[in-house]
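Student: Next comes model29.txt, compact mmCIF, C-alpha atoms:
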```txt
# COMPACT_ATOMS: atom_id res chain seq x y z
CA MET A 1 69.23 -18.16 48.85
CA GLU A 2 70.41 -16.20 45.83
CA LEU A 3 69.05 -12.68 45.85
CA ASN A 4 70.03 -11.46 42.41
CA ARG A 5 73.49 -10.24 43.44
CA ASN A 6 74.26 -9.71 39.76
CA LYS A 7 71.80 -6.82 39.83
CA ASP A 8 70.14 -7.70 36.53
CA ALA A 9 67.59 -5.21 35.26
CA GLY A 10 64.77 -7.69 35.85
CA TYR A 11 64.79 -11.12 37.45
CA VAL A 12 62.16 -13.59 38.57
CA GLU A 13 62.16 -17.27 39.59
CA LEU A 14 59.13 -19.48 40.26
CA VAL A 15 58.98 -23.07 41.46
CA PHE A 16 55.66 -24.89 41.28
CA GLY A 17 54.10 -28.37 41.21
CA PRO A 18 53.73 -30.01 37.82
CA ARG A 19 50.05 -29.33 37.32
CA TRP A 20 48.72 -28.25 33.95
CA VAL A 21 46.29 -25.75 35.54
CA TYR A 22 49.16 -23.58 36.83
CA ILE A 23 50.60 -22.94 33.37
CA ALA A 24 48.10 -20.22 32.45
CA THR A 25 48.66 -18.49 35.79
CA VAL A 26 52.44 -18.50 35.31
CA ARG A 27 52.10 -17.34 31.67
CA LYS A 28 49.92 -14.38 32.68
CA PHE A 29 52.30 -13.43 35.51
CA LEU A 30 55.26 -13.67 33.15
CA GLN A 31 53.51 -11.52 30.54
CA ASN A 32 52.83 -8.80 33.15
CA PHE A 33 56.34 -9.03 34.57
CA LEU A 34 57.91 -8.73 31.12
CA SER A 35 55.67 -5.86 30.03
CA VAL A 36 57.00 -3.90 33.01
CA THR A 37 60.60 -5.09 32.59
CA ILE A 38 61.10 -4.60 28.86
CA GLY A 39 58.30 -2.12 28.22
CA ASN A 40 57.03 -3.83 25.07
CA ASN A 41 53.77 -5.79 25.12
CA LYS A 42 54.30 -7.63 21.84
CA LYS A 43 57.73 -8.92 22.87
CA ALA A 44 56.36 -9.77 26.30
CA ASP A 45 53.63 -11.82 24.54
CA VAL A 46 56.20 -13.76 22.52
CA ILE A 47 58.43 -14.54 25.50
CA SER A 48 55.52 -15.51 27.75
CA MET A 49 54.24 -17.78 24.94
CA ALA A 50 57.70 -19.40 24.86
CA GLY A 51 57.62 -19.86 28.64
CA SER A 52 54.18 -21.43 28.38
CA GLU A 53 55.30 -23.87 25.65
CA LEU A 54 58.36 -24.89 27.69
CA LEU A 55 56.23 -25.43 30.79
CA GLU A 56 53.78 -27.56 28.82
CA ASN A 57 56.68 -29.76 27.71
CA ALA A 58 58.15 -29.87 31.20
CA ILE A 59 54.86 -30.94 32.76
CA LYS A 60 53.92 -33.42 30.03
CA TYR A 61 57.26 -35.21 30.29
CA ALA A 62 58.12 -34.78 33.99
CA SER A 63 59.17 -37.87 35.90
CA GLU A 64 58.47 -36.32 39.32
CA GLU A 65 57.18 -33.22 41.13
CA GLY A 66 58.75 -29.82 40.64
CA THR A 67 59.08 -27.38 37.77
CA LYS A 68 61.15 -24.21 37.92
CA ILE A 69 61.06 -21.24 35.57
CA SER A 70 63.45 -18.33 35.78
CA CYS A 71 63.76 -15.23 33.70
CA ARG A 72 66.65 -12.74 33.65
CA TYR A 73 66.88 -9.50 31.69
CA ARG A 74 70.25 -7.88 30.96
CA GLU A 75 70.00 -4.26 30.00
CA GLU A 76 73.61 -3.91 28.79
CA ASP A 77 73.14 -6.24 25.79
CA ASN A 78 69.30 -6.16 25.70
CA THR A 79 68.94 -9.93 26.11
CA LEU A 80 66.52 -12.00 28.11
CA THR A 81 67.25 -15.54 29.26
CA LEU A 82 64.41 -17.91 30.06
CA ILE A 83 65.20 -21.23 31.75
CA VAL A 84 62.77 -24.05 32.56
CA GLN A 85 63.96 -26.98 34.67
CA ASN A 86 62.30 -30.27 35.52
CA PHE A 87 63.09 -33.91 36.18
CA SER A 88 62.64 -36.34 33.34
CA SER A 89 63.33 -39.92 32.26
CA PRO A 90 66.31 -40.91 30.03
CA GLU A 91 63.88 -41.79 27.20
CA ASN A 92 62.16 -38.40 27.32
CA ILE A 93 65.49 -36.56 27.64
CA LYS A 94 66.74 -38.29 24.49
CA VAL A 95 63.64 -37.23 22.53
CA LEU A 96 63.91 -33.67 23.87
CA LYS A 97 67.55 -33.32 22.78
CA GLU A 98 66.75 -34.71 19.34
CA GLN A 99 63.85 -32.29 18.92
CA ILE A 100 65.95 -29.27 19.90
CA ASP A 101 68.76 -30.35 17.54
CA ILE A 102 66.28 -30.67 14.66
CA VAL A 103 64.59 -27.34 15.32
CA ASN A 104 67.90 -25.48 15.62
CA THR A 105 68.85 -26.44 12.06
CA GLY A 106 67.64 -24.68 8.93
CA ASN A 107 65.38 -21.76 8.26
CA PRO A 108 62.96 -21.10 11.19
CA GLU A 109 59.93 -20.52 8.93
CA GLU A 110 60.53 -23.61 6.81
CA MET A 111 61.12 -25.71 9.92
CA TYR A 112 57.92 -24.44 11.52
CA MET A 113 55.90 -25.26 8.39
CA LYS A 114 57.47 -28.73 8.27
CA LYS A 115 56.69 -29.36 11.95
CA MET A 116 53.11 -28.15 11.42
CA MET A 117 52.59 -30.75 8.72
CA GLU A 118 54.15 -33.46 10.88
CA ALA A 119 52.03 -32.40 13.88
CA ALA A 120 48.84 -32.80 11.89
CA MET A 121 49.67 -36.49 11.35
CA ARG A 122 49.94 -37.16 15.09
CA GLU A 123 46.99 -38.77 16.81
CA ASP A 124 48.28 -38.40 20.39
CA GLY A 125 47.82 -35.23 22.47
CA GLY A 126 51.30 -33.92 21.62
CA SER A 127 52.27 -31.68 18.75
CA GLN A 128 56.09 -31.32 19.05
CA LEU A 129 55.53 -27.87 17.59
CA GLY A 130 56.56 -25.77 20.58
CA PHE A 131 60.29 -25.34 19.89
CA ALA A 132 59.77 -24.63 16.19
CA ARG A 133 57.13 -22.07 17.08
CA ILE A 134 59.40 -20.36 19.62
CA ARG A 135 62.30 -20.16 17.19
CA TYR A 136 60.10 -18.87 14.36
CA GLU A 137 58.32 -16.23 16.44
CA SER A 138 61.37 -14.91 18.31
CA ASN A 139 64.48 -15.83 16.31
CA SER A 140 65.89 -17.08 19.62
CA GLU A 141 68.57 -19.62 20.52
CA ILE A 142 67.39 -22.82 22.22
CA SER A 143 69.73 -25.09 24.17
CA VAL A 144 69.47 -27.94 26.65
CA ASP A 145 71.63 -29.09 29.57
CA VAL A 146 71.23 -32.38 31.37
CA ASP A 147 72.56 -33.24 34.82
CA GLY A 148 71.39 -36.74 35.77
CA ASP A 149 67.60 -36.55 35.55
CA LEU A 150 67.52 -32.75 35.84
CA VAL A 151 66.82 -31.07 32.50
CA SER A 152 67.36 -27.36 31.88
CA VAL A 153 66.04 -25.84 28.66
CA THR A 154 67.39 -22.35 28.02
CA ILE A 155 66.16 -19.79 25.52
CA LEU A 156 68.21 -16.71 24.79
CA PHE A 157 66.14 -13.87 23.35
CA ARG A 158 67.98 -11.02 21.68
CA LEU A 159 65.31 -8.40 22.03
CA ASP A 160 66.48 -6.48 18.97
CA ALA A 161 66.11 -9.63 16.82
CA PHE A 162 62.33 -9.80 16.66
CA GLU A 163 59.41 -7.50 16.10
CA GLY A 164 57.74 -5.63 18.92
CA ASP A 165 55.18 -2.84 19.39
CA MET B 1 16.69 -19.92 10.03
CA ALA B 2 20.25 -21.21 10.15
CA VAL B 3 21.47 -23.40 7.29
CA LEU B 4 23.78 -25.53 9.43
CA ASN B 5 22.80 -27.26 12.63
CA ILE B 6 25.73 -26.04 14.74
CA THR B 7 25.60 -24.61 18.26
CA ASP B 8 28.23 -22.83 20.36
CA LEU B 9 30.80 -24.91 22.20
CA SER B 10 32.35 -23.98 25.57
CA TYR B 11 35.04 -25.93 27.37
CA GLU B 12 37.28 -24.80 30.24
CA ASN B 13 38.51 -21.28 29.32
CA ILE B 14 37.30 -21.13 25.74
CA THR B 15 34.07 -20.61 23.84
CA LEU B 16 33.56 -21.14 20.12
CA ALA B 17 30.58 -19.00 19.08
CA TYR B 18 28.92 -20.06 15.82
CA SER B 19 26.80 -17.79 13.65
CA GLU B 20 25.83 -17.34 10.00
CA GLN B 21 26.08 -14.13 7.99
CA THR B 22 25.31 -12.96 4.47
CA ASP B 23 27.88 -11.40 2.15
CA ASP B 24 27.33 -8.56 -0.35
CA ASP B 25 26.13 -11.04 -2.98
CA GLY B 26 23.54 -12.55 -0.66
CA ALA B 27 25.46 -15.77 -0.10
CA VAL B 28 25.35 -17.25 3.40
CA PHE B 29 28.69 -17.89 5.08
CA ALA B 30 29.56 -19.50 8.41
CA SER B 31 31.34 -17.61 11.17
CA LEU B 32 33.16 -18.97 14.19
CA GLN B 33 34.47 -16.67 16.89
CA PHE B 34 37.14 -17.90 19.33
CA ASN B 35 36.90 -16.36 22.82
CA GLY B 36 39.21 -16.95 25.80
CA ASP B 37 42.37 -19.07 25.99
CA MET B 38 42.97 -22.31 24.11
CA ASP B 39 45.62 -23.81 26.37
CA MET B 40 44.38 -27.27 27.29
CA GLN B 41 46.59 -30.36 27.03
CA ASP B 42 44.61 -32.15 24.33
CA PRO B 43 42.23 -29.84 22.43
CA ASP B 44 41.79 -32.49 19.68
CA SER B 45 39.62 -34.66 21.90
CA VAL B 46 37.18 -31.82 22.63
CA PHE B 47 37.21 -29.69 19.49
CA MET B 48 37.98 -32.05 16.61
CA PRO B 49 34.50 -33.66 16.55
CA TYR B 50 32.97 -30.16 16.54
CA ILE B 51 35.23 -29.01 13.69
CA GLN B 52 34.53 -32.19 11.73
CA ASP B 53 30.81 -31.53 12.12
CA ILE B 54 31.13 -27.98 10.77
CA HIS B 55 33.37 -29.23 7.95
CA SER B 56 30.93 -31.98 6.92
CA GLN B 57 27.83 -29.79 7.11
CA MET B 58 29.49 -27.02 5.10
CA SER B 59 30.49 -29.31 2.26
CA GLN B 60 27.07 -31.07 2.29
CA ASN B 61 25.08 -27.82 2.29
CA GLY B 62 27.15 -25.91 -0.23
CA ILE B 63 28.38 -23.20 2.18
CA LYS B 64 31.43 -21.77 0.45
CA LYS B 65 33.10 -19.74 3.16
CA ILE B 66 33.82 -19.79 6.86
CA GLN B 67 35.14 -16.79 8.74
CA LEU B 68 37.28 -17.57 11.77
CA ASP B 69 37.54 -14.63 14.14
CA PHE B 70 40.54 -15.12 16.43
CA ARG B 71 40.67 -11.52 17.67
CA PRO B 72 39.08 -12.21 21.07
CA LEU B 73 41.33 -15.26 21.63
CA ARG B 74 44.07 -14.38 24.11
CA PHE B 75 46.23 -17.46 23.69
CA LEU B 76 46.56 -20.50 21.41
CA ASN B 77 49.06 -23.19 22.39
CA SER B 78 50.87 -25.41 19.93
CA SER B 79 48.34 -28.22 20.38
CA GLY B 80 45.68 -25.70 19.33
CA ILE B 81 47.75 -24.82 16.27
CA LYS B 82 47.91 -28.52 15.43
CA LEU B 83 44.11 -28.60 15.56
CA MET B 84 43.89 -25.76 13.04
CA VAL B 85 46.41 -27.43 10.72
CA LYS B 86 44.29 -30.60 10.79
CA TRP B 87 41.26 -28.55 9.76
CA VAL B 88 43.20 -27.07 6.82
CA GLN B 89 44.27 -30.55 5.75
CA MET B 90 40.65 -31.71 5.75
CA MET B 91 39.78 -28.79 3.44
CA LEU B 92 42.63 -29.65 1.09
CA ILE B 93 41.35 -33.14 0.35
CA LEU B 94 37.80 -32.12 -0.51
CA PRO B 95 36.79 -32.39 -4.19
CA PRO B 96 36.56 -28.95 -5.89
CA ASP B 97 32.75 -28.86 -5.91
CA LYS B 98 32.59 -29.54 -2.17
CA THR B 99 35.38 -27.27 -1.00
CA TYR B 100 35.09 -23.94 0.80
CA SER B 101 37.37 -21.07 1.72
CA MET B 102 38.49 -19.78 5.10
CA GLU B 103 38.84 -16.13 6.05
CA ILE B 104 40.88 -15.55 9.20
CA LEU B 105 40.43 -12.36 11.20
CA ALA B 106 43.45 -11.60 13.39
CA ASN B 107 44.58 -8.77 15.64
CA SER B 108 47.88 -7.35 14.40
CA ALA B 109 48.66 -5.99 17.88
CA VAL B 110 48.78 -9.53 19.33
CA ALA B 111 52.13 -11.14 18.55
CA TRP B 112 51.04 -14.77 18.18
CA GLN B 113 48.07 -13.84 15.96
CA ASP B 114 50.27 -11.79 13.66
CA ASN B 115 53.01 -14.45 13.47
CA CYS B 116 51.25 -17.75 13.69
CA LEU B 117 47.99 -17.20 11.81
CA LYS B 118 49.84 -15.65 8.90
CA LEU B 119 51.82 -18.84 8.54
CA LEU B 120 48.69 -20.97 8.78
CA SER B 121 47.33 -19.21 5.70
CA LEU B 122 50.45 -20.27 3.76
CA LEU B 123 49.46 -23.93 4.12
CA ALA B 124 46.63 -23.38 1.62
CA PRO B 125 47.07 -19.94 0.02
CA LYS B 126 44.28 -20.50 -2.51
CA LEU B 127 41.75 -21.37 0.19
CA ILE B 128 42.79 -19.25 3.18
CA LYS B 129 42.91 -15.47 3.38
CA ILE B 130 44.01 -13.59 6.47
CA LYS B 131 42.83 -10.13 7.47
CA LEU B 132 45.10 -8.47 10.03
CA LEU B 133 42.99 -5.80 11.70
```
Kindly present the structure from the file in structure tokens form.

Tutor:
Amino acid sequence: MELNRNKDAGYVELVFGPRWVYIATVRKFLQNFLSVTIGNNKKADVISMAGSELLENAIKYASEEGTKISCRYREEDNTLTLIVQNFSSPENIKVLKEQIDIVNTGNPEEMYMKKMMEAAMREDGGSQLGFARIRYESNSEISVDVDGDLVSVTILFRLDAFEGD
Amino acid sequence: MAVLNITDLSYENITLAYSEQTDDDGAVFASLQFNGDMDMQDPDSVFMPYIQDIHSQMSQNGIKKIQLDFRPLRFLNSSGIKLMVKWVQMMLILPPDKTYSMEILANSAVAWQDNCLKLLSLLAPKLIKIKLL
């Protein structure tokens, strides 16, 4: 078991079953944890929103049990890394990578507006708005790694790059 | 007596509380307060029929404004944002004599309300005003 040997200024890791009802519980825990860790409620709100959106995606598109979220704060460069991992199918992984590539291009506000308009045309339960919202609200960097059917979505928040309290 | 036949709607962790108020000129306007967390997987299926009902009754009864009070809402997920965008799109296609405006009340201390609702108002700047309180 890893016990945070790197001695980051704040670290938490949660593994839970892919049930929608747990998302709110994890989001509220994350918000409290981040308020204590970074001492800024507004930034904690934004990052916990991002965690919640990633978990929604992970649970919607999971191919089997198990979702992991980890959060690591580094005081020396004032960054916070949020990682959500789950198992997914090749088809869903392809769509996920495409969505992240699209959202990472262009102006975050314009992309968010564009994705809002596209979302409104969708008749299924999905919105595909989550990544655009995260990037717009936090100016963060979103990346994805795939190892077989294990998907890791990472968001790097530079805490000086978006508005807080 | 209320002009529109709309009641409150509660589902899971959220309540939409409907009321009617009168402005300084004596005109009746609709008011919808969002309480709780909108974080369900598919809010469209629950809330879209309710929103469509408000939308239709407003345009049929000549109500020219609705105030949406998001301040008590703790969280709105992206599927909830999609729902709001759909509402705005319904407003945009109404003929001028049937249309109405939307006033959004948001809490500037809550990050997502400050960020996200401001952007929503840009979808229809002539019809939507936001008050950050």

Student: Within 8 Å of Arg135 (chain A), counting only C-alpha atoms, which residues qualify if same-chain residues fewer than 6 places away don't, as number ranges by chain?

Tutor: A: 103-104, 108, 141-142

Student: With distances taken over all atoms listed in the file, which of B:Trp87, B:Trp112, B:Tyr18, B:Tyr11 is nearest to Val46 (chain B)?

Tutor: B:Tyr11

Student: Chain B residues within 12 Å of chain A, counting all atoms listed in the file: which ones, as JSON, numbers by chain?

Tutor: {"B": [12, 13, 36, 37, 38, 39, 40, 41, 42, 43, 44, 45, 46, 48, 74, 75, 76, 77, 78, 79, 80, 81, 82, 83, 84, 85, 86, 87, 88, 89, 90, 107, 108, 109, 110, 111, 112, 113, 114, 115, 116, 117, 118, 119, 120, 121, 122, 123, 124]}

Student: Using all atoms listed in the file for the distances, tell me which of B:Ile128, B:Ala27, B:Leu133, B:Ala2 is nearest to Met91 (chain B).

Tutor: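 For Met91 (chain B), the nearest of the candidates is B:Ile128.
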
Student: So which residues fall inside 12 Å of (29.6, -32.8, 3.4) if we count only C-alpha atoms? Mind giving them as a list in words?

Tutor: Leu4, Gln52, Asp53, Ile54, His55, Ser56, Gln57, Met58, Ser59, Gln60, Asn61, Gly62, Ile63, Lys64, Met90, Met91, Leu94, Pro95, Asp97, Lys98, Thr99 and Tyr100 of chain B

Student: Report, in Å to a single decimal, how far apart CA of Thr67 (chain A) and CA of Leu159 (chain A) are.

Tutor: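 For CA of Leu159 (chain A) relative to CA of Thr67 (chain A), the distance reads 25.4 Å.
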
Student: Residues within 10 Å of (33.0, -22.9, 23.2), file coordinates, counting only C-alpha atoms: what are they? Give the list as a list in words.

Tutor: Thr7, Asp8, Leu9, Ser10, Tyr11, Glu12, Asn13, Ile14, Thr15, Leu16, Ala17, Tyr18, Leu32, Gln33, Phe34, Asn35, Gly36, Val46, Phe47 and Tyr50 of chain B

Student: Could you work out how far CA of Ile102 (chain A) lies from CA of Val26 (chain A), giving the answer in Å with one decimal?

Tutor: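 So the two atoms, CA of Val26 (chain A) and CA of Ile102 (chain A), lie 27.7 Å apart.
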
Student: CA of Glu98 (chain A) and CA of Val153 (chain A) are how many Å apart?

Tutor: 12.9 Å

Student: Find the spatial neighbours of Leu82 (chain A), counting all atoms listed in the file, within a cut-off of 10 Å - ignore same-chain residues fewer than 4 positions away - and output them as a PDB file with C-alpha atoms, in the coordinates of the input.

Tutor:
```pdb
ATOM      1  CA  VAL A  12      62.160 -13.590  38.570  1.00  0.00           C
ATOM      2  CA  GLU A  13      62.160 -17.270  39.590  1.00  0.00           C
ATOM      3  CA  ILE A  47      58.430 -14.540  25.500  1.00  0.00           C
ATOM      4  CA  SER A  48      55.520 -15.510  27.750  1.00  0.00           C
ATOM      5  CA  ALA A  50      57.700 -19.400  24.860  1.00  0.00           C
ATOM      6  CA  GLY A  51      57.620 -19.860  28.640  1.00  0.00           C
ATOM      7  CA  LEU A  54      58.360 -24.890  27.690  1.00  0.00           C
ATOM      8  CA  ILE A  69      61.060 -21.240  35.570  1.00  0.00           C
ATOM      9  CA  SER A  70      63.450 -18.330  35.780  1.00  0.00           C
ATOM     10  CA  CYS A  71      63.760 -15.230  33.700  1.00  0.00           C
ATOM     11  CA  ARG A  72      66.650 -12.740  33.650  1.00  0.00           C
ATOM     12  CA  TYR A  73      66.880  -9.500  31.690  1.00  0.00           C
ATOM     13  CA  ILE A 142      67.390 -22.820  22.220  1.00  0.00           C
ATOM     14  CA  VAL A 153      66.040 -25.840  28.660  1.00  0.00           C
ATOM     15  CA  THR A 154      67.390 -22.350  28.020  1.00  0.00           C
ATOM     16  CA  ILE A 155      66.160 -19.790  25.520  1.00  0.00           C
ATOM     17  CA  LEU A 156      68.210 -16.710  24.790  1.00  0.00           C
ATOM     18  CA  PHE A 157      66.140 -13.870  23.350  1.00  0.00           C
TER      19      PHE A 157
END
```

Student: Taking only C-alpha atoms into account, which of A:Thr81, A:Asn86, A:Thr105, A:Ile93 comes nearest Ser152 (chain A)?

Tutor: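 Of A:Thr81, A:Asn86, A:Thr105, A:Ile93, the one nearest Ser152 (chain A) is A:Asn86, counting only C-alpha atoms.
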